[in-house]
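Asker: Here it is: the structure, laid out below.
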Protein chains: 2
Amino acid sequence: MTITIYDVAREAGVSMATVSRVVNGNPNVKPTTRKKVLDTIERLGYRPNAVARGLASKKTTTVGAIIPDISSMFFADLARGIEDIATMYKYNIILANSDRNKDKELQLINTMLEKQVDGILFMGGEITEEHIRQLTSSSVPVVLSSTYDETNTIPSVNIDNKKAAYEATKFLIEQGNNNVAFIYGHDETPISRFKFEGYKQALAEFNFTLNQDFIVNVDYSYDSGIKAVRQLLSLDRKPTCVFVASDEMALGVIHGAQDMGYRVPEDLEVFGFNNTRLATMVRPTLSTIVQPMYDIGAVSMRLLTKFMNNETVEEKKIILPHRIIERDSTKLP
Amino acid sequence: MTITIYDVAREAGVSMATVSRVVNGNPNVKPTTRKKVLDTIERLGYRPNAVARGLASKKTTTVGAIIPDISSMFFADLARGIEDIATMYKYNIILANSDRNKDKELQLINTMLEKQVDGILFMGGEITEEHIRQLTSSSVPVVLSSTYDETNTIPSVNIDNKKAAYEATKFLIEQGNNNVAFIYGHDETPISRFKFEGYKQALAEFNFTLNQDFIVNVDYSYDSGIKAVRQLLSLDRKPTCVFVASDEMALGVIHGAQDMGYRVPEDLEVFGFNNTRLATMVRPTLSTIVQPMYDIGAVSMRLLTKFMNNETVEEKKIILPHRIIERDSTKLP
DNA sequence: GTGAAAGCGCTAACAG
DNA sequence: CTGTTAGCGCTTTCAC
């Protein structure tokens, strides 16, 4: 039925070992035999069985990627970075969505391990002890992508979210705003917390007191942005400026404000986070923190390949650079 | 080192076959032995090796998904639909980006087949004979998702793109527009062609002649939308209405027009295609064709499971419903 | 209800 | 440079 390495060997008049060698590009094969084997492979239409190879070699050249939600622009970009580098290094990706659900995450890690992936790329919210236990329950290397492990046991790739939020807030304050509001996600994730801390740090540095009315905690969606800005703009003492922890929410903020008759940036300056493609797909265009999502994915995967090759890795905790990009949503005339 | 089914058998004092039975939920095991086995599995921390299982059973419970670009919103939604149903049926997904590059596509199909996937979900542009040859070079079932096979040999899931474009154009004409422009992708894909045909059909039905100046052929990006509308609005005789073959381009069109000082919809009505989340993340909100991307993915995967289970499938060519949603970008005061 | 044994298709020493 | 021979860890008849 399906043709195997054995058939090729028989037809070519060589041993399975030799066929295996030519298939795997082993140089120790006489050119003539190589050609002979290649020809009969071609003739028989032989296709190596990667499962059998995986069982014999204990390498599957596939890595597992656990991601909260591939339909989020943020993670889709990240995934693309992962996949491109994986392809470059001849790995395939088993992709699974976790919805940041802990049970699902744990369960997925297990499945990946059962499938004998050579490595795991994990994107999630909080890393608990259980996560660590599960992730280290086998010797498969793991890299966290845009995800913090506060116990510092698992390699990771991130930007400095606190610093980024600090700089964004500072930027806004230095533009002359003394009432910067902050809208962020209520997911209780270290990343959200860091952003909040960065915001507070900037406020403190300029001796502003924290105004609880100016801090809105919603989910990371566009609609939440609209809701949040409504809340803010219905305050007696309204903010003139808001730092929003994601671009998608920020678009909601811009539109929510505009729908209420406010002008951005004249009545309300808006600053985002991530620099997804959305940031330029809005009027006014959105000033934001540039977070290199694609690169985070790419660097994560690259790091993972190093672990899979047993290369020595100097820095297990990679911080990628971020920057501010100023567009029209904060540019006062 | 790693513990195997053999270890469990020995420790539990049963045969490998019995362990295999309990692991696979085979009912023909006495409850007491089942418990005994389960306990030692727990105690030893046994994790079944899916690769070995795959080799022995010739089933991997993984399917390959070949997708043009996961970072496109359209495909990200589709992928999410695929993944959710896959999870439901206990399949994992090997996800790979093809960038609609034929060589890459062919190559990916081969890789998936080598990895012994139980099925393939293919999303692409054009299906050539080579694609079909490659896709059918093994007995693995294949389903095309949002992709046409004009030779009609491979099952597929789509909406009726021609009809959708026809209805959109007709809708615009019936609103009183006698000069509907059309912006679409130059990817020479059947889908793009169908959209163009739908547009032409509507025009013909109302006895409008095709104005080549009103047909702009660019790539499917936001920036292309901007470029395209500039071109249209620099015409001596400008259109008052434009049907755009994707939401992302349509946003570009709206903003491009606004940036030039035109008002949407007063000076230019804009109609999109797909109803991605973007359609409501713009002002004015975008009237568009609702294409159920998530459902296309979900139905494709469901269909594939049927083939993988050798269930009989009545309809191999599934057309999902679409509809028009009217928002503010075409709502004249 | 349970066990023995033969593979699944390939790689990886080890010889020669 | 090439062949022989064990496995890799599990499923699957076939007996009992």
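So you can find residues: chains in the structure tokens are A, B, ... in the order shown, residues in each start at 1, and ligands are numbered from 1 in order.
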Hey, could you make a per-residue contact list for chain C against chain B with 7 Å as the cut-off, showing the nearest pair of atoms and its distance in Å to one decimal, counting only C-alpha atoms (C1' of nucleotides), sorted by chain and number, as CSV?
Answerer:
```
residue,atom,partner,partner_atom,distance
C:DG1,C1',B:Val29,CA,5.8
C:DT2,C1',B:Thr18,CA,6.8
C:DG3,C1',B:Ser15,CA,6.0
C:DC8,C1',B:Ala56,CA,4.6
```
Asker: Please run DSSP on the backbone and report, as JSON, numbers by chain, all residues within region 139-301 of chain B that come out as alpha helix (DSSP H).
Answerer: {"B": [161, 162, 163, 164, 165, 166, 167, 168, 169, 170, 171, 172, 173, 174, 190, 191, 192, 193, 194, 195, 196, 197, 198, 199, 200, 201, 202, 203, 204, 205, 222, 223, 224, 225, 226, 227, 228, 229, 230, 231, 232, 233, 247, 248, 249, 250, 251, 252, 253, 254, 255, 256, 257, 258, 259, 293, 294, 295, 296, 297, 298, 299, 300, 301]}
Asker: Identify every residue of chain D that has at least one atom within 6 Å of any atom of chain B, counting only C-alpha atoms (C1' of nucleotides), and report the result as an MDAnalysis selection string.
Answerer: chainID D and resid 9:11
Asker: Tell me the residues of chain A close to chain B, meaning within 8 Å using only C-alpha atoms, as number ranges by chain.
Answerer: A: 47-52, 54-55, 69-73, 76-77, 79-80, 83, 92-97, 114-116, 222, 251-252, 255, 281-283
Asker: Include N, CA and C atoms and write out the residues we just selected as an mmCIF file, in the first residue's frame.
Answerer:
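Result file follows (result-v7.cif):
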```
data_model
loop_
_atom_site.group_PDB
_atom_site.id
_atom_site.type_symbol
_atom_site.label_atom_id
_atom_site.label_comp_id
_atom_site.auth_asym_id
_atom_site.auth_seq_id
_atom_site.Cartn_x
_atom_site.Cartn_y
_atom_site.Cartn_z
ATOM 1 N N ARG A 47 7.553 8.782 0.306
ATOM 2 C CA ARG A 47 7.465 9.935 1.210
ATOM 3 C C ARG A 47 7.783 9.443 2.611
ATOM 4 N N PRO A 48 8.885 9.946 3.191
ATOM 5 C CA PRO A 48 9.304 9.478 4.521
ATOM 6 C C PRO A 48 8.198 9.689 5.551
ATOM 7 N N ASN A 49 8.074 8.772 6.452
ATOM 8 C CA ASN A 49 7.065 8.873 7.506
ATOM 9 C C ASN A 49 7.684 9.535 8.732
ATOM 10 N N ALA A 50 7.267 10.782 8.953
ATOM 11 C CA ALA A 50 7.865 11.561 10.036
ATOM 12 C C ALA A 50 7.518 11.003 11.412
ATOM 13 N N VAL A 51 6.411 10.292 11.508
ATOM 14 C CA VAL A 51 6.031 9.730 12.805
ATOM 15 C C VAL A 51 6.991 8.615 13.190
ATOM 16 N N ALA A 52 7.274 7.757 12.211
ATOM 17 C CA ALA A 52 8.224 6.674 12.468
ATOM 18 C C ALA A 52 9.594 7.259 12.792
ATOM 19 N N GLY A 54 10.160 10.111 14.061
ATOM 20 C CA GLY A 54 10.088 10.726 15.383
ATOM 21 C C GLY A 54 10.236 9.685 16.483
ATOM 22 N N LEU A 55 9.623 8.557 16.282
ATOM 23 C CA LEU A 55 9.706 7.519 17.303
ATOM 24 C C LEU A 55 11.140 7.002 17.431
ATOM 25 N N ASP A 69 -5.425 33.674 22.308
ATOM 26 C CA ASP A 69 -6.464 33.750 21.287
ATOM 27 C C ASP A 69 -5.875 34.228 19.969
ATOM 28 N N ILE A 70 -5.813 33.345 19.030
ATOM 29 C CA ILE A 70 -5.184 33.653 17.748
ATOM 30 C C ILE A 70 -5.968 34.720 17.001
ATOM 31 N N SER A 71 -7.210 34.930 17.337
ATOM 32 C CA SER A 71 -7.966 35.936 16.594
ATOM 33 C C SER A 71 -7.754 37.339 17.152
ATOM 34 N N SER A 72 -6.938 37.457 18.181
ATOM 35 C CA SER A 72 -6.565 38.798 18.628
ATOM 36 C C SER A 72 -5.390 39.277 17.785
ATOM 37 N N MET A 73 -5.454 40.505 17.334
ATOM 38 C CA MET A 73 -4.397 41.015 16.452
ATOM 39 C C MET A 73 -3.030 40.889 17.087
ATOM 40 N N ALA A 76 -1.911 37.309 16.922
ATOM 41 C CA ALA A 76 -1.761 36.864 15.549
ATOM 42 C C ALA A 76 -0.405 37.317 15.003
ATOM 43 N N ASP A 77 -0.026 38.549 15.336
ATOM 44 C CA ASP A 77 1.282 39.051 14.915
ATOM 45 C C ASP A 77 2.402 38.247 15.552
ATOM 46 N N ALA A 79 2.256 35.246 16.639
ATOM 47 C CA ALA A 79 2.251 33.898 16.072
ATOM 48 C C ALA A 79 2.952 33.885 14.724
ATOM 49 N N ARG A 80 2.747 34.957 13.987
ATOM 50 C CA ARG A 80 3.387 35.020 12.680
ATOM 51 C C ARG A 80 4.914 35.066 12.837
ATOM 52 N N GLU A 83 6.037 31.604 13.722
ATOM 53 C CA GLU A 83 5.958 30.660 12.617
ATOM 54 C C GLU A 83 7.063 30.902 11.591
ATOM 55 N N ASN A 92 7.769 22.663 12.636
ATOM 56 C CA ASN A 92 6.349 22.945 12.459
ATOM 57 C C ASN A 92 5.757 23.326 13.802
ATOM 58 N N ILE A 93 4.613 23.994 13.713
ATOM 59 C CA ILE A 93 3.987 24.510 14.925
ATOM 60 C C ILE A 93 2.641 23.847 15.164
ATOM 61 N N ILE A 94 2.456 23.311 16.352
ATOM 62 C CA ILE A 94 1.105 22.927 16.759
ATOM 63 C C ILE A 94 0.561 24.093 17.556
ATOM 64 N N LEU A 95 -0.492 24.676 17.043
ATOM 65 C CA LEU A 95 -1.022 25.909 17.599
ATOM 66 C C LEU A 95 -2.303 25.605 18.352
ATOM 67 N N ALA A 96 -2.441 26.137 19.563
ATOM 68 C CA ALA A 96 -3.685 25.920 20.301
ATOM 69 C C ALA A 96 -4.059 27.153 21.094
ATOM 70 N N ASN A 97 -5.338 27.422 21.153
ATOM 71 C CA ASN A 97 -5.854 28.567 21.904
ATOM 72 C C ASN A 97 -6.223 28.163 23.322
ATOM 73 N N GLU A 114 2.595 14.967 25.282
ATOM 74 C CA GLU A 114 2.251 13.644 24.760
ATOM 75 C C GLU A 114 2.637 13.529 23.289
ATOM 76 N N LYS A 115 2.433 14.599 22.573
ATOM 77 C CA LYS A 115 2.765 14.574 21.146
ATOM 78 C C LYS A 115 4.259 14.708 20.922
ATOM 79 N N GLN A 116 5.012 14.747 21.980
ATOM 80 C CA GLN A 116 6.476 14.743 21.906
ATOM 81 C C GLN A 116 7.051 15.935 21.157
ATOM 82 N N TYR A 222 -12.528 46.750 22.292
ATOM 83 C CA TYR A 222 -12.924 48.029 21.701
ATOM 84 C C TYR A 222 -14.131 48.611 22.437
ATOM 85 N N LEU A 251 -8.852 52.834 20.385
ATOM 86 C CA LEU A 251 -9.758 53.200 19.294
ATOM 87 C C LEU A 251 -11.166 53.389 19.842
ATOM 88 N N GLY A 252 -11.542 52.526 20.728
ATOM 89 C CA GLY A 252 -12.851 52.660 21.355
ATOM 90 C C GLY A 252 -12.951 53.985 22.098
ATOM 91 N N HIS A 255 -13.290 56.871 19.528
ATOM 92 C CA HIS A 255 -14.621 56.921 18.927
ATOM 93 C C HIS A 255 -15.692 57.232 19.957
ATOM 94 N N MET A 281 -5.049 53.103 11.589
ATOM 95 C CA MET A 281 -6.314 52.914 10.900
ATOM 96 C C MET A 281 -7.442 53.651 11.622
ATOM 97 N N VAL A 282 -7.135 54.835 12.106
ATOM 98 C CA VAL A 282 -8.107 55.607 12.854
ATOM 99 C C VAL A 282 -7.793 57.087 12.643
ATOM 100 N N ARG A 283 -8.790 57.923 12.790
ATOM 101 C CA ARG A 283 -8.576 59.363 12.692
ATOM 102 C C ARG A 283 -9.031 60.025 13.966
#
```
Asker: Among region 6-136 of chain B, which ones does DSSP assign to strand (DSSP E) (computed from the backbone)? Answer as a ChimeraX atom specification.
Answerer: /B:62-67,92-97,119-122
Asker: Output the selection as a compact mmCIF listing (two decimals), in the first residue's frame - N, CA, C and O atoms for each residue.
Answerer:
```txt
# COMPACT_ATOMS: atom_id res chain seq x y z
N THR B 62 -4.03 14.68 14.51
CA THR B 62 -3.68 16.07 14.23
C THR B 62 -4.00 16.35 12.77
O THR B 62 -3.90 15.46 11.91
N VAL B 63 -4.42 17.56 12.50
CA VAL B 63 -4.72 17.92 11.12
C VAL B 63 -3.88 19.13 10.75
O VAL B 63 -3.52 19.94 11.60
N GLY B 64 -3.55 19.21 9.50
CA GLY B 64 -2.74 20.33 9.03
C GLY B 64 -3.63 21.45 8.51
O GLY B 64 -4.63 21.19 7.86
N ALA B 65 -3.27 22.68 8.84
CA ALA B 65 -4.01 23.82 8.32
C ALA B 65 -3.02 24.73 7.60
O ALA B 65 -2.08 25.24 8.20
N ILE B 66 -3.25 24.90 6.32
CA ILE B 66 -2.39 25.77 5.51
C ILE B 66 -3.17 27.03 5.22
O ILE B 66 -4.27 26.98 4.67
N ILE B 67 -2.59 28.14 5.62
CA ILE B 67 -3.32 29.39 5.66
C ILE B 67 -2.44 30.46 5.03
O ILE B 67 -1.22 30.40 5.16
N ASN B 92 -5.52 18.11 17.14
CA ASN B 92 -4.63 19.26 17.22
C ASN B 92 -4.37 19.77 15.82
O ASN B 92 -4.53 19.05 14.84
N ILE B 93 -3.93 21.01 15.77
CA ILE B 93 -3.72 21.66 14.48
C ILE B 93 -2.25 21.99 14.27
O ILE B 93 -1.63 22.62 15.12
N ILE B 94 -1.72 21.58 13.15
CA ILE B 94 -0.42 22.10 12.73
C ILE B 94 -0.73 23.24 11.78
O ILE B 94 -1.35 23.04 10.74
N LEU B 95 -0.32 24.41 12.17
CA LEU B 95 -0.69 25.63 11.45
C LEU B 95 0.53 26.13 10.69
O LEU B 95 1.62 26.24 11.25
N ALA B 96 0.35 26.47 9.42
CA ALA B 96 1.47 27.01 8.66
C ALA B 96 1.00 28.10 7.70
O ALA B 96 -0.08 28.01 7.13
N ASN B 97 1.81 29.12 7.55
CA ASN B 97 1.50 30.23 6.65
C ASN B 97 2.12 29.98 5.28
O ASN B 97 3.26 29.57 5.18
N GLY B 119 -5.82 14.75 8.31
CA GLY B 119 -6.61 15.52 7.36
C GLY B 119 -5.94 16.86 7.11
O GLY B 119 -5.08 17.27 7.88
N ILE B 120 -6.36 17.51 6.04
CA ILE B 120 -5.77 18.82 5.72
C ILE B 120 -6.87 19.83 5.44
O ILE B 120 -7.83 19.55 4.73
N LEU B 121 -6.67 20.99 6.01
CA LEU B 121 -7.54 22.13 5.74
C LEU B 121 -6.71 23.12 4.94
O LEU B 121 -5.68 23.58 5.42
N PHE B 122 -7.16 23.41 3.76
CA PHE B 122 -6.35 24.27 2.91
C PHE B 122 -7.06 25.58 2.60
O PHE B 122 -8.20 25.59 2.14
```
Asker: Please report the interatomic distance between CA of Asn217 (chain A) and CA of Arg327 (chain A) in Å with one decimal.
Answerer: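 We find that CA of Asn217 (chain A) and CA of Arg327 (chain A) lie 24.9 Å from each other.
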Asker: Excluding Phe171 (chain A) and residues on its chain fewer than 2 positions from it, collect all residues at most 12 Å away from it, counting only C-alpha atoms (C1' of nucleotides), and give them as a PyMOL selection string.
Answerer: chain A and resi 163-169+173-178+180+199+202-203+206+241-243+269-271+287-289+323-326+330-331
Asker: Compile the contact shell of Asn158 (chain A) as a PyMOL selection string: residues with an atom at most 9 Å away, counting only C-alpha atoms (C1' of nucleotides), same-chain residues fewer than 4 positions apart removed.
Answerer: chain A and resi 144-148+296+317-321
Asker: Set the distance at 9 Å and use only C-alpha atoms (C1' of nucleotides): which residues neighbour His131 (chain A) once local chain neighbours fewer than 2 positions away are removed? I'd like the list as a PDB file with C-alpha atoms, in the first residue's frame.
Answerer:
```
ATOM      1  CA  LYS A 102      -5.761  27.763  33.447  1.00  0.00           C
ATOM      2  CA  GLU A 105      -3.484  25.718  29.553  1.00  0.00           C
ATOM      3  CA  LEU A 106      -2.411  22.884  31.792  1.00  0.00           C
ATOM      4  CA  ILE A 109       0.807  21.547  27.879  1.00  0.00           C
ATOM      5  CA  GLU A 126      -0.295  34.402  35.010  1.00  0.00           C
ATOM      6  CA  ILE A 127       2.229  31.616  35.487  1.00  0.00           C
ATOM      7  CA  THR A 128       1.351  29.667  38.615  1.00  0.00           C
ATOM      8  CA  GLU A 129       3.310  26.980  40.366  1.00  0.00           C
ATOM      9  CA  ARG A 133       5.291  22.035  37.480  1.00  0.00           C
ATOM     10  CA  GLN A 134       3.521  21.000  34.308  1.00  0.00           C
ATOM     11  CA  LEU A 135       5.946  22.822  32.036  1.00  0.00           C
ATOM     12  CA  THR A 136       8.943  21.241  33.692  1.00  0.00           C
TER      13      THR A 136
END
```
Asker: Which residues, written as a PyMOL selection string, have at least one atom at most 12 Å from DC14 (chain D), with only C-alpha atoms (C1' of nucleotides) counted and residues fewer than 3 positions away on the same chain left out?
Answerer: chain C and resi 3-6
